[in-house]
file protein.cif (mmCIF, C-alpha atoms and all ligand atoms)
data_my_file
loop_
_atom_site.label_atom_id
_atom_site.label_comp_id
_atom_site.auth_asym_id
_atom_site.auth_seq_id
_atom_site.Cartn_x
_atom_site.Cartn_y
_atom_site.Cartn_z
CA MET R 1 119.39 120.26 103.12
CA SER R 2 122.95 121.04 104.04
CA ARG R 3 124.59 118.99 106.71
CA ARG R 4 125.97 121.21 109.40
CA ARG R 5 129.06 120.48 111.44
CA ILE R 6 128.29 119.33 114.95
CA SER R 7 130.70 120.37 117.69
CA THR R 8 132.24 117.96 120.18
CA THR R 9 130.27 119.67 122.96
CA GLU R 10 127.01 119.11 121.13
CA ARG R 11 127.93 115.50 120.27
CA LEU R 12 128.63 114.81 123.92
CA ALA R 13 125.40 116.49 125.03
CA ILE R 14 123.37 114.33 122.62
CA PHE R 15 125.24 111.21 123.77
CA LYS R 16 124.44 111.99 127.41
CA ARG R 17 120.83 112.91 126.69
CA HIS R 18 120.32 109.44 125.17
CA ARG R 19 122.34 107.86 128.01
CA GLY R 20 124.76 106.33 125.50
CA ILE R 21 122.11 104.03 124.03
CA CYS R 22 122.19 103.21 120.32
CA HIS R 23 118.81 104.24 118.91
CA LEU R 24 118.92 101.45 116.33
CA CYS R 25 119.70 98.34 118.41
CA HIS R 26 118.96 99.86 121.83
CA GLY R 27 122.27 98.52 123.08
CA LYS R 28 124.76 100.43 125.22
CA ILE R 29 127.60 102.12 123.36
CA ALA R 30 130.74 100.92 125.15
CA ILE R 31 133.68 103.14 126.07
CA ALA R 32 135.98 103.77 123.08
CA GLU R 33 133.46 102.07 120.77
CA LEU R 34 132.93 103.89 117.46
CA TRP R 35 129.60 105.66 117.19
CA ASP R 36 127.94 108.21 114.93
CA LEU R 37 125.21 110.74 115.26
CA SER R 38 122.41 109.33 113.18
CA HIS R 39 119.43 111.17 111.76
CA GLY R 40 116.28 109.39 112.96
CA ILE R 41 114.50 110.66 109.86
CA PRO R 42 117.07 110.94 107.06
CA LEU R 43 117.83 114.47 105.86
CA GLU R 44 116.84 113.50 102.32
CA LEU R 45 113.39 112.54 103.58
CA GLY R 46 112.91 115.91 105.23
CA GLY R 47 114.38 115.09 108.64
CA GLU R 48 115.75 117.89 110.76
CA ASP R 49 119.52 118.38 111.06
CA GLY R 50 119.46 118.78 114.80
CA GLY R 51 117.19 118.56 117.80
CA ASP R 52 115.64 115.20 118.58
CA ASN R 53 116.36 113.93 115.06
CA LEU R 54 120.04 113.46 115.97
CA GLN R 55 120.62 110.35 118.02
CA PRO R 56 123.69 108.27 118.82
CA ALA R 57 124.14 104.92 117.05
CA HIS R 58 126.87 102.31 116.84
CA ARG R 59 128.81 102.89 113.65
CA SER R 60 128.05 99.35 112.45
CA CYS R 61 124.31 99.73 113.22
CA HIS R 62 124.29 103.13 111.50
CA ARG R 63 125.98 101.82 108.34
CA ASP R 64 123.63 98.84 108.19
CA GLN R 65 120.59 101.09 108.59
CA THR R 66 121.84 103.50 105.93
CA ALA R 67 122.60 100.79 103.37
CA LYS R 68 119.64 98.48 103.96
CA VAL R 69 116.83 100.85 104.94
CA ASP R 70 117.55 104.53 104.34
CA LEU R 71 119.07 104.47 100.84
CA PRO R 72 116.35 102.22 99.33
CA THR R 73 113.66 104.32 101.04
CA ILE R 74 115.18 107.55 99.71
CA ALA R 75 115.44 106.10 96.20
CA ARG R 76 111.80 104.97 96.34
CA ALA R 77 110.70 108.42 97.56
CA LYS R 78 112.59 110.10 94.68
CA ARG R 79 111.04 107.77 92.09
CA ARG R 80 107.60 108.40 93.58
CA GLU R 81 108.10 112.17 93.50
CA ALA R 82 109.35 112.07 89.90
CA ARG R 83 106.26 110.09 88.88
CA HIS R 84 104.01 112.42 90.89
CA ARG R 85 105.44 115.51 89.19
CA GLY R 86 105.21 113.92 85.77
CA ALA R 87 108.98 113.92 85.26
CA ARG R 88 108.83 110.18 84.63
CA PRO R 89 106.37 109.06 81.97
CA ALA R 90 103.91 106.30 82.71
CA PRO R 91 104.44 103.04 80.80
CA LYS R 92 102.97 103.25 77.27
CA ARG R 93 101.45 99.81 77.42
CA PRO R 94 99.59 98.51 80.47
CA ILE R 95 101.20 95.59 82.21
CA ARG R 96 99.45 92.41 81.15
CA SER R 97 98.97 89.29 83.17
CA ALA R 98 99.55 85.85 81.77
CA GLY R 99 95.81 85.15 81.98
CA PHE R 100 94.14 82.16 83.52
CA PRO R 101 95.24 78.63 82.61
CA ALA R 102 92.60 76.52 80.85
CA SER R 103 90.96 74.13 83.27
CA ALA R 104 90.90 70.36 82.67
CA LYS R 105 87.08 70.44 82.52
CA ARG R 106 87.18 73.12 79.86
CA LYS R 107 89.74 71.18 77.82
CA ALA R 108 87.52 68.04 77.96
CA ASN R 109 84.39 69.97 76.87
CA PRO R 110 85.41 72.76 74.54
CA THR R 111 82.81 75.31 73.51
CA PRO R 112 80.60 73.64 70.88
CA GLU R 113 80.82 75.03 67.37
CA LEU R 114 77.66 77.03 66.64
CA PRO R 115 76.02 77.02 63.20
CA ARG R 116 77.12 79.89 61.01
CA ARG R 117 74.79 82.86 61.15
CA ARG R 118 73.47 84.40 57.99
CA LEU R 119 74.53 88.01 57.75
CA PHE R 120 72.03 89.05 55.10
CA VAL R 121 68.97 87.76 53.34
CA GLU R 122 68.71 88.17 49.60
CA VAL R 123 65.53 89.96 48.59
CA GLU R 124 63.92 88.46 45.53
CA GLY R 125 62.70 90.53 42.62
CA ARG R 126 65.26 93.27 42.69
ZN ZN I 201 123.55 99.65 117.81
#

call {"tool": "encode", "arguments": {"input": "protein.cif", "output": "C-alpha cells"}}
result
Amino acid sequence: MSRRRISTTERLAIFKRHRGICHLCHGKIAIAELWDLSHGIPLELGGEDGGDNLQPAHRSCHRDQTAKVDLPTIARAKRREARHRGARPAPKRPIRSAGFPASAKRKANPTPELPRRRLFVEVEGR
C-alpha cells in the first residue's frame, strides 16, 4: 500500500479525463484553484493507487472528505478487522440494559404474597 508519485503529465491526463469536475461536489474546478488527486476508494481500504480510483477533487472538498468520512471509516474497518482476527478481546461481561421501568398498574397491584411452602414433611415414628 505504498503511495506512488504521480507525474504532472498523468495528473493533467486524469484532470482532462474527468473534464475538470470535482468527484466529491461535482463542481467545476476553476483555473488556478487548488485541487488534489483523490482516491475514490481510500488506499487503506484496498483502493487502487491509479486507474479509475484516482479522480480530481477540490482541495477543500478532499480534506473534508478525508477528515469526516475516510478516516472514521478506516478506523472502523481496522477495529472490525482486529475483532475479527481475535486481536481485540470481546468484553468480559455482556452489556446490560437498564431493564423495563415498573408500570403504574404494577405499582398499584404488587404481586400478592403467597403462603410459605413446606419444604419437607416430618415422618412420625422414626
Ligand atoms: Zn469539490

call {"tool": "residues_around", "arguments": {"input": "protein.cif", "residues": "Pro56 in chain R", "least_positions_apart": "5", "cutoff": "8 Å", "atoms": "only C-alpha atoms", "output": "mmCIF file with C-alpha atoms, keeping the file's coordinate frame"}}
result
data_model
loop_
_atom_site.group_PDB
_atom_site.id
_atom_site.type_symbol
_atom_site.label_atom_id
_atom_site.label_comp_id
_atom_site.auth_asym_id
_atom_site.auth_seq_id
_atom_site.Cartn_x
_atom_site.Cartn_y
_atom_site.Cartn_z
ATOM 1 C CA ILE R 14 123.370 114.330 122.620
ATOM 2 C CA PHE R 15 125.240 111.210 123.770
ATOM 3 C CA HIS R 18 120.320 109.440 125.170
ATOM 4 C CA GLY R 20 124.760 106.330 125.500
ATOM 5 C CA ILE R 21 122.110 104.030 124.030
ATOM 6 C CA CYS R 22 122.190 103.210 120.320
ATOM 7 C CA HIS R 23 118.810 104.240 118.910
ATOM 8 C CA TRP R 35 129.600 105.660 117.190
ATOM 9 C CA ASP R 36 127.940 108.210 114.930
ATOM 10 C CA LEU R 37 125.210 110.740 115.260
ATOM 11 C CA SER R 38 122.410 109.330 113.180
#

call {"tool": "residues_near_ligand", "arguments": {"input": "protein.cif", "ligand": "ligand ZN 201 (chain I)", "cutoff": "9 Å", "atoms": "all atoms listed in the file", "output": "JSON list (two decimals) with C-alpha atoms, in the frame of the given file"}}
result
[["chain", "number", "residue", "atom", "x", "y", "z"],
["R", 21, "ILE", "CA", 122.11, 104.03, 124.03],
["R", 22, "CYS", "CA", 122.19, 103.21, 120.32],
["R", 23, "HIS", "CA", 118.81, 104.24, 118.91],
["R", 24, "LEU", "CA", 118.92, 101.45, 116.33],
["R", 25, "CYS", "CA", 119.70, 98.34, 118.41],
["R", 26, "HIS", "CA", 118.96, 99.86, 121.83],
["R", 27, "GLY", "CA", 122.27, 98.52, 123.08],
["R", 28, "LYS", "CA", 124.76, 100.43, 125.22],
["R", 29, "ILE", "CA", 127.60, 102.12, 123.36],
["R", 35, "TRP", "CA", 129.60, 105.66, 117.19],
["R", 56, "PRO", "CA", 123.69, 108.27, 118.82],
["R", 57, "ALA", "CA", 124.14, 104.92, 117.05],
["R", 58, "HIS", "CA", 126.87, 102.31, 116.84],
["R", 59, "ARG", "CA", 128.81, 102.89, 113.65],
["R", 60, "SER", "CA", 128.05, 99.35, 112.45],
["R", 61, "CYS", "CA", 124.31, 99.73, 113.22],
["R", 62, "HIS", "CA", 124.29, 103.13, 111.50]]

call {"tool": "atom_distance", "arguments": {"input": "protein.cif", "atom1": "CA of Pro94 in chain R", "atom2": "CA of Ile74 in chain R"}}
result
26.4 Å

call {"tool": "residues_near_point", "arguments": {"input": "protein.cif", "point": "(112.5, 114.7, 112.6)", "cutoff": "10 Å", "atoms": "all atoms listed in the file", "output": "PyMOL selection string"}}
result
chain R and resi 39-43+45-54

call {"tool": "atom_distance", "arguments": {"input": "protein.cif", "atom1": "CA of Arg88 in chain R", "atom2": "CA of Asp70 in chain R"}}
result
22.3 Å

call {"tool": "atom_distance", "arguments": {"input": "protein.cif", "atom1": "CA of Lys78 in chain R", "atom2": "CA of Thr66 in chain R"}}
result
16.0 Å

call {"tool": "axis_aligned_box", "arguments": {"input": "protein.cif", "around": "range 78-93 of chain R", "padding_each_side": "4 Å", "output": "AutoDock Vina command-line options"}}
result
--center_x 107.0 --center_y 107.7 --center_z 86.0 --size_x 19.1 --size_y 23.7 --size_z 25.4

call {"tool": "closest_residue", "arguments": {"input": "protein.cif", "among": "R:Ala108, R:Val123, R:Ala75, R:Ala102", "to": "Glu44 in chain R", "atoms": "all atoms listed in the file"}}
result
R:Ala75

call {"tool": "build_atoms", "arguments": {"input": "protein.cif", "residues": "range 16-31 of chain R", "atoms": "N, CA and C atoms", "output": "JSON list (two decimals), in the frame of the given file"}}
result
[["chain", "number", "residue", "atom", "x", "y", "z"],
["R", 16, "LYS", "N", 124.89, 112.07, 126.01],
["R", 16, "LYS", "CA", 124.44, 111.99, 127.41],
["R", 16, "LYS", "C", 122.92, 111.99, 127.51],
["R", 17, "ARG", "N", 122.29, 112.82, 126.66],
["R", 17, "ARG", "CA", 120.83, 112.91, 126.69],
["R", 17, "ARG", "C", 120.20, 111.54, 126.38],
["R", 18, "HIS", "N", 120.85, 110.78, 125.52],
["R", 18, "HIS", "CA", 120.32, 109.44, 125.17],
["R", 18, "HIS", "C", 120.97, 108.35, 126.02],
["R", 19, "ARG", "N", 121.68, 108.75, 127.05],
["R", 19, "ARG", "CA", 122.34, 107.86, 128.01],
["R", 19, "ARG", "C", 123.22, 106.82, 127.31],
["R", 20, "GLY", "N", 123.82, 107.21, 126.21],
["R", 20, "GLY", "CA", 124.76, 106.33, 125.50],
["R", 20, "GLY", "C", 124.13, 105.09, 124.92],
["R", 21, "ILE", "N", 122.82, 105.18, 124.60],
["R", 21, "ILE", "CA", 122.11, 104.03, 124.03],
["R", 21, "ILE", "C", 121.98, 104.23, 122.52],
["R", 22, "CYS", "N", 122.34, 103.19, 121.78],
["R", 22, "CYS", "CA", 122.19, 103.21, 120.32],
["R", 22, "CYS", "C", 120.69, 103.21, 120.00],
["R", 23, "HIS", "N", 120.26, 104.16, 119.19],
["R", 23, "HIS", "CA", 118.81, 104.24, 118.91],
["R", 23, "HIS", "C", 118.36, 103.18, 117.90],
["R", 24, "LEU", "N", 119.31, 102.47, 117.31],
["R", 24, "LEU", "CA", 118.92, 101.45, 116.33],
["R", 24, "LEU", "C", 118.79, 100.06, 116.98],
["R", 25, "CYS", "N", 119.77, 99.68, 117.79],
["R", 25, "CYS", "CA", 119.70, 98.34, 118.41],
["R", 25, "CYS", "C", 119.36, 98.43, 119.90],
["R", 26, "HIS", "N", 119.27, 99.62, 120.42],
["R", 26, "HIS", "CA", 118.96, 99.86, 121.83],
["R", 26, "HIS", "C", 120.00, 99.26, 122.77],
["R", 27, "GLY", "N", 121.18, 99.02, 122.24],
["R", 27, "GLY", "CA", 122.27, 98.52, 123.08],
["R", 27, "GLY", "C", 123.13, 99.67, 123.57],
["R", 28, "LYS", "N", 123.88, 99.42, 124.64],
["R", 28, "LYS", "CA", 124.76, 100.43, 125.22],
["R", 28, "LYS", "C", 125.97, 100.61, 124.31],
["R", 29, "ILE", "N", 126.38, 101.85, 124.12],
["R", 29, "ILE", "CA", 127.60, 102.12, 123.36],
["R", 29, "ILE", "C", 128.74, 102.09, 124.37],
["R", 30, "ALA", "N", 129.65, 101.13, 124.19],
["R", 30, "ALA", "CA", 130.74, 100.92, 125.15],
["R", 30, "ALA", "C", 131.80, 102.02, 125.03],
["R", 31, "ILE", "N", 132.60, 102.14, 126.04],
["R", 31, "ILE", "CA", 133.68, 103.14, 126.07],
["R", 31, "ILE", "C", 134.64, 102.83, 124.92]]
